Each structure stands twice: as structure tokens, then as C-alpha cells.
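*Asks:* Dumping the structure here so I can ask a few things about it.
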There are 2 protein chains.
Amino acid sequence: MRWLTEESIEHIALGAAVLGTGGGGDPYLGKLMALEAIKTYGPIKLLSIEELADDALIVPLSMMGSPTIGVEKIPSIEELVAPLEKIEETLGQKAAALMPIEVGGVNSLVPVLAAAAKGLPLVDADAMGRAFPESQMVTFYLDGHSADPTVLADEKGNTVVITPKDGHWGEKLARAITVQMGGSSTVCDYALPGSVVKKSAIPGTLTKSEEIGRLLLHKSGDGTHPIKRLLAVLNGYELLTGKLTDIQRTLTGGFTRGICEVEGIHDDAGRMVTLHFQNEQLLATEGEKPLAITPDLIAILDVETGQPITTEGLRYGMRVTVIAFPCDPKWRTKKGIETAGPRYFGYPVEYEPVEKLQEGGGK
Amino acid sequence: MRWLTEESIEHIALGAAVLGTGGGGDPYLGKLMALEAIKTYGPIKLLSIEELADDALIVPLSMMGSPTIGVEKIPSIEELVAPLEKIEETLGQKAAALMPIEVGGVNSLVPVLAAAAKGLPLVDADAMGRAFPESQMVTFYLDGHSADPTVLADEKGNTVVITPKDGHWGEKLARAITVQMGGSSTVCDYALPGSVVKKSAIPGTLTKSEEIGRLLLHKSGDGTHPIKRLLAVLNGYELLTGKLTDIQRTLTGGFTRGICEVEGIHDDAGRMVTLHFQNEQLLATEGEKPLAITPDLIAILDVETGQPITTEGLRYGMRVTVIAFPCDPKWRTKKGIETAGPRYFGYPVEYEPVEKLQEGGGK
């Protein structure tokens, strides 16, 4: 157990935006909300996954919806706490701790607010090890755990409890409800006992986010470029340094989908890389050749500071470095690739690990 | 208390289709399902509203969705019973009796199936006295009762429990969920104690449907035309006899919306009446002049037999008589007209009672 400080929040917000691969909502909004919550309600305990009691109810809390809408809809404490209280009522058990369902953007820090307001600890883990656009894209789903109940709430006072046939139906129904609720909602799903969370969640991801954030905010003694240091920590690869020359975004079915083009500069002059996103960055290609493929992670960083740029923050002319790094091994299983691989998102490529694409010469 | 016989079901199906003003789903489908249920599970008790215990839980059960889809999606007993069992679980109380939420088409008889399967009695009442396209268009809503919980289920095994802010949000969320579920769902909403149902429901509407059905299926001794006898029972008016010359239907947002044109024949030669529907017939106009306006009832009948034709059954060239008759007084209140009057549906007319339009020379 340790206490989350204001400095921790600053670092987590930044680091989670790298792991969030451009999605998961606005990290700066999340940071502001979390800092305010700690000021109002006091500090928060962060528990390591080993500290969870086997029968303790661990409740993930997140926001659902397109980031395009999320940036304009700031949730109130009431709205954040509503799905938590409803899931406790439905299950007949109080939450012992909250956890983020994903690291990335606002969703790393949304549980901080609710934890502060309810005086609950937070678990240093998540169920993606990154951000993904759909709610069944979680390790709990890969391990066969049920999405029943999935609880949604909005700022108007509506709550909905879904008992879905499976995780895909949970996502489908929750997404339609979220669109009706105005494009964003607060969600509790995959509330599970500590014994399951210990086996199935990805441990330490808030601490990992914090380390990444600290690295990006503080210069190294030897003046090494932050992106170089980041790649060392993430076992990652630089795909390209260039400028953003085209960004196409559409808001459909509750998602922000699109592509952006990065034209190489300096050593990369003459190259052109296309990034394909659905809330999160999912595929990087150069001509016909894939450079990095979901579920591996792709992040767009400011060329100077190494700070991550969200899908919503992409602007024409920005100078960026695109990096990619390996996902958690849970995503490289057959079910992991079926659930969040390129074919699921409709990209006509087969998954290959980023190490192979970058070191093995690719296809 | 009396027993519902197979003959009662035949009569109710036909009579409810007159009160259903073209909507509420396919009455023939409802009839077949209800007859089959009685054969399988045995007869059903029909309770008058006065027989309900004050603390008994009375649960309305219906199908939601466009009739265009409903005709092709026959619900299973499991699908019909699923929202009932979920609402019992949510409220922590067993249903003492079921009731139809509306009379009209399949929804008059859907509760018969579930009542037969569960061995429960049925209440001789509904919450509309007709059919309406939206779920907050019920006397329970007019009287200020909550739509919490609204429970939906589908044939795939999904269930959803909505705690809506109000009846309008209940409708909005339920409709979006129904669309995701494939265009139709089974619903329990406005589950209320007997004491409330006694005051707020419209009593005797299954018996009234049965009387109308009997009238249409059996010739009178003196050879009076069935439509003439029907108008006497309903205090109704013949608007026009003619042939259907144009039908336009679109399926949008889970509703079947459209218009149909009836060109006068015989005494009505030279006249043209337009009927505007959204699942149900809502407005009849002749040129600029309204002839009958929601919440008053409009029905399209076969010119010979007087048997009602549903919105889905309308075909070019059919010879029909269009009739209109007064709604229950609960719908003629300020809140009734706000909730289900012409402005709510987007028609640019003010509500006038059909008696005034027909006898007072209209506007």
C-alpha cells in the first residue's frame, strides 16, 4: 500500500496517455478532476494486487463514449458514483476497492475521483494494460469472466443495468445506451472478487504509468532524449519522425474513427506513414507494409518533449515521433488476437508482433 | 373472475385490433400464440380490477418495437417470461397478476401467454384504452407513477433493467436498446400495486375488446351492417368509405411511420382523406381540415366485414371504411394531450374532440 500524491497524479496522467495510444479520453481533464478530488476529499490508498482479499469486491469504473464528446462533458461526482452504487445494490455487496478498467487518458484517473469521494482504495492494475475502444476488450473477458452486470449512468439521473448474453452484447447494448445518454456515460462492469482480479488483471499499470510520466517530466542527468529513454523502458521502436499532414476523423456509432498521415522529416524525409485509429491508434502502415498492429501499442509523441498526443489533440503540421511497443502477453494469445487484433477492427492484415515487424524485416 | 376461453381469445384479438388503431403488433399472431398457450398450459383466470388486493404486484407485459419487425419475430415463452422474472427479482416481489399495457394487436394477448405459462391471472384492464407508439403514453404516467424499473429482454438471452429519470427517458433508452436487440424486445414496465392499478388503469378493456370482436364475427338478427353496430358501441363516426390509393411507410428509430390516402367511393366519391400513422393511426385529414385527432381513435375497417386492418396490413386498392371514436377521458386532460396529442407527434394542429369535429362542423 502507498498513498497517491498530487505528484503521482501528474505523472500517471501523462504516462497513461502513452499507454492509452491516443485514446481513453482526455488525460488533462482526468488530471484536473483527480487533483481536485484529492484536494476536496483527501489522499487515496493505492493497493498492489497481492494485497486484495480473495472475497473483496473490486469494481472497475470508467467513462464510455467517444473522446470527441468526452472533452466537452465533464462528469460530476454524482454521475461517477451512480454506477458504483447501483452495482453494489445489484450485487448486494459493497465495493472494497476500485480499479481502472484501462490505463489511458481520463479512464486511468476516473476511478481516483470516485475512490476519493467514497473513501475507497484504488488497485494498481487494469484490465487492458493500455486503452481499447470496446468494453469486452479486457483480460477478464479473455479469461472467461462475465460482464453481468454492466451498469451505466448519466448526468441526468438515468441508470441502466445490463445482463448481457456475453461481453460482445454487453458492449453493443452499452454503446447504444451511451449514444442515447448524449454520447458519454459512466460505467461499472466486470466487478469481480479479489481472487479473480489477482489472476486476471494486468498488475502494476498505474505505477508503470507513473514511471513513464516521471521520465517524461524530468530530464535525465546525461541529457539523453526523453523518447530514447521511453523506448528503453517500453522495449519500443521508433517508427518515424515527421509532421502531420492529414487528419480525418468521423464520429460514428459512438466512436471517433479515422486516419492520420505523417510525412517523414530529417532522417525520415521521403517516407509517409499512415495511422489508423478508432478512439485508440490501432495500425501503422507505410504503403502496403504494416509497421505495428493492434493489440501492440502505437503512440504519437511530441518530437521535442516526448509527451503523448491524444487522437483528439492531433493537429495539422505538428512535429511528432511515432513509436510502437509490445502489448501484454495476454493479448498475444489466440483469443486475445480474435478479440482485439486487426481483423476484428476490419483491417485486412494478419497480426505480427511489433518486434518481428521491426527487427525481422516485416512482411 | 371468469375464465378466458378459446372463443374469448378469438374475439379479443379482433376487437383489440379495432381499439389498437392499426398498431400494437399483429393481432393474428397474438391470437395464434395465445390459443396455443391455453392449449399447452390450460385456461387463464381474468380478474376484474376490483378483485385486486391493494398490495398485490401487478405487472404489465408487452412487446416493444416496430410492427414491421414484429410480424417476423415470434417471441418464445422464455423471451416473454424473462422480463417478468427479472422485474420480480429487481423488486423482490412476485407478480400476483399480469396485465396488458395496451389493448391493440399482439400486445393485448402477449400477457395471456406469459400468464398461462406462469399460472398467473390476467387483469381485465390496460393503461392506454387503445394502442400508442411510446411507452410513457400510459395512464400510469399521466397519474405521476414512475417507470422505474423498466425491464427489457430479447431472444438471445440479454436483459436490461432501466432506472429512468422519467417516463420519457424510459422510452428513449428502451427504444434504443430494442433497436440493438434486433428491432423488437419484450418489456415489463410500470409494475405497480393493486391499489394504484385500481385508480389509474382503464378498466374492462379486454372485455370491451371481446364484445367488439363478438359483434364483428356474428351477424345481427336484423341484418344491420357490422360497421353500423360497431359505431353504436363505440359512439363513433364514419369518416369515409373508399379505396386505398397510396401507402407510404418508413422504418425509422424503431417506429413504422407513414401516411395512407383513401379516395372516396359511392356516397363519398370525389373526397380524399389522408391518414397519418406512427405504428398507430394518429390523424385523419381532408385537405387542410382535420377529421379526427390523436388521442381520439381512428380505425380502418374492411368495408364489407368491418374487420380492422393493421398499419402493416394496408394494401393498395383495398376497399375500406375509416371510422373515428372518442378516447378515454383521461387522455383529454391537459397532461393527456401534452403526452399523446397531435403536437407531441409533430402534427401542426390543435386537438379537438372528434365529436366536435364531426358534429360541430369542425374548424
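By order in the C-alpha cells, chains are A, B, ...; within a chain, residues start at 1; ligands start at 1, following the order shown.
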Give me the residues near Glu50 in chain A as a PyMOL selection string, where near means some atom within 12 Å (using only C-alpha atoms) and where sequence neighbours in that chain fewer than 5 positions away do not count.
*Replies:* chain A and resi 1+123-125+194-199+201-204
*Asks:* Go through chain A residue by residue and, counting only C-alpha atoms, keep those with an atom at most 12 Å from chain B; for each kept residue give the shortest atom pair and its distance in Å to one decimal, ordered by chain and increasing number, as CSV.
*Replies:*
```
residue,atom,partner,partner_atom,distance
A:Ala82,CA,B:Thr163,CA,11.3
A:Pro83,CA,B:Thr163,CA,11.3
A:Lys86,CA,B:Thr163,CA,9.8
A:Ile87,CA,B:Val161,CA,11.8
A:Glu89,CA,B:Thr90,CA,10.1
A:Thr90,CA,B:Thr90,CA,8.2
A:Leu91,CA,B:Thr90,CA,11.0
A:Gly92,CA,B:Thr90,CA,11.6
A:Ala147,CA,B:Asn158,CA,11.3
A:Asp148,CA,B:Asn158,CA,9.9
A:Pro149,CA,B:Val160,CA,9.3
A:Thr150,CA,B:Val160,CA,9.3
A:Val151,CA,B:Val161,CA,9.3
A:Leu152,CA,B:Ile162,CA,9.4
A:Ala153,CA,B:Thr163,CA,9.3
A:Asp154,CA,B:Lys165,CA,9.8
A:Glu155,CA,B:Lys165,CA,10.1
A:Lys156,CA,B:Lys165,CA,6.8
A:Gly157,CA,B:Lys165,CA,5.4
A:Asn158,CA,B:Pro164,CA,4.6
A:Thr159,CA,B:Thr163,CA,5.1
A:Val160,CA,B:Ile162,CA,4.3
A:Val161,CA,B:Val161,CA,4.9
A:Ile162,CA,B:Val160,CA,4.3
A:Thr163,CA,B:Thr159,CA,5.1
A:Pro164,CA,B:Asn158,CA,4.6
A:Lys165,CA,B:Asn158,CA,5.0
A:Asp166,CA,B:Asn158,CA,8.4
A:Gly167,CA,B:Asn158,CA,10.8
A:His168,CA,B:Asn158,CA,11.0
A:Trp169,CA,B:Asn158,CA,7.5
A:Gly170,CA,B:Asn158,CA,8.5
A:Glu171,CA,B:Gln180,CA,10.8
A:Lys172,CA,B:Gln180,CA,7.2
A:Leu173,CA,B:Ile177,CA,6.2
A:Ala174,CA,B:Ile177,CA,8.6
A:Arg175,CA,B:Gln180,CA,9.5
A:Ala176,CA,B:Ala176,CA,6.2
A:Ile177,CA,B:Leu173,CA,6.2
A:Thr178,CA,B:Leu173,CA,9.2
A:Val179,CA,B:Ala176,CA,8.8
A:Gln180,CA,B:Leu173,CA,6.4
A:Met181,CA,B:Leu173,CA,7.9
A:Gly182,CA,B:Leu173,CA,11.0
A:Gly253,CA,B:Gln180,CA,11.6
```
*Asks:* Between B:Trp3, B:Phe132, B:Tyr141, B:Tyr41, which is the closest to Phe345 in chain B once you count only C-alpha atoms?
*Replies:*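 With only C-alpha atoms as the atom set, the closest residue is B:Phe132.
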*Asks:* Using only C-alpha atoms, find the one residue out of A:Asn235, A:Ser200, A:Gln278, A:Thr241 that sits nearest to Cys327 in chain A.
*Replies:*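 Answer, going by the shortest atom-to-atom distance: A:Asn235.
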*Asks:* With only C-alpha atoms as the atoms that count, which of A:Gly104, A:Thr250, A:Glu304, A:Lys243 lies nearest to Gly270 in chain A?
*Replies:*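 Nearest candidate to Gly270 in chain A out of A:Gly104, A:Thr250, A:Glu304, A:Lys243: A:Lys243.
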*Asks:* Contacts of range 206-216 of chain A at 6 Å or less, counting only C-alpha atoms, minus same-chain residues fewer than 5 places along, as a ChimeraX atom specification?
*Replies:* /A:11-12,14-16,124,226
*Asks:* Take the residues from that selection and put them in a file with C-alpha atoms, as a tab-separated table (two decimals), in the first residue's frame.
*Replies:*
```
chain	number	residue	atom	x	y	z
A	11	HIS	CA	2.82	11.58	-13.59
A	12	ILE	CA	0.09	8.96	-14.03
A	14	LEU	CA	0.99	11.75	-18.61
A	15	GLY	CA	2.25	8.18	-18.56
A	16	ALA	CA	-1.21	6.68	-19.04
A	124	ASP	CA	-2.68	-0.69	-9.00
A	226	PRO	CA	13.21	11.56	-23.42
```
*Asks:* When DSSP is applied to the backbone of this structure, which of range 59-168 of chain A are assigned alpha helix (DSSP H)? Write them out as a PyMOL selection string.
*Replies:* chain A and resi 67-70+77-91+106-118+139-142+167-168
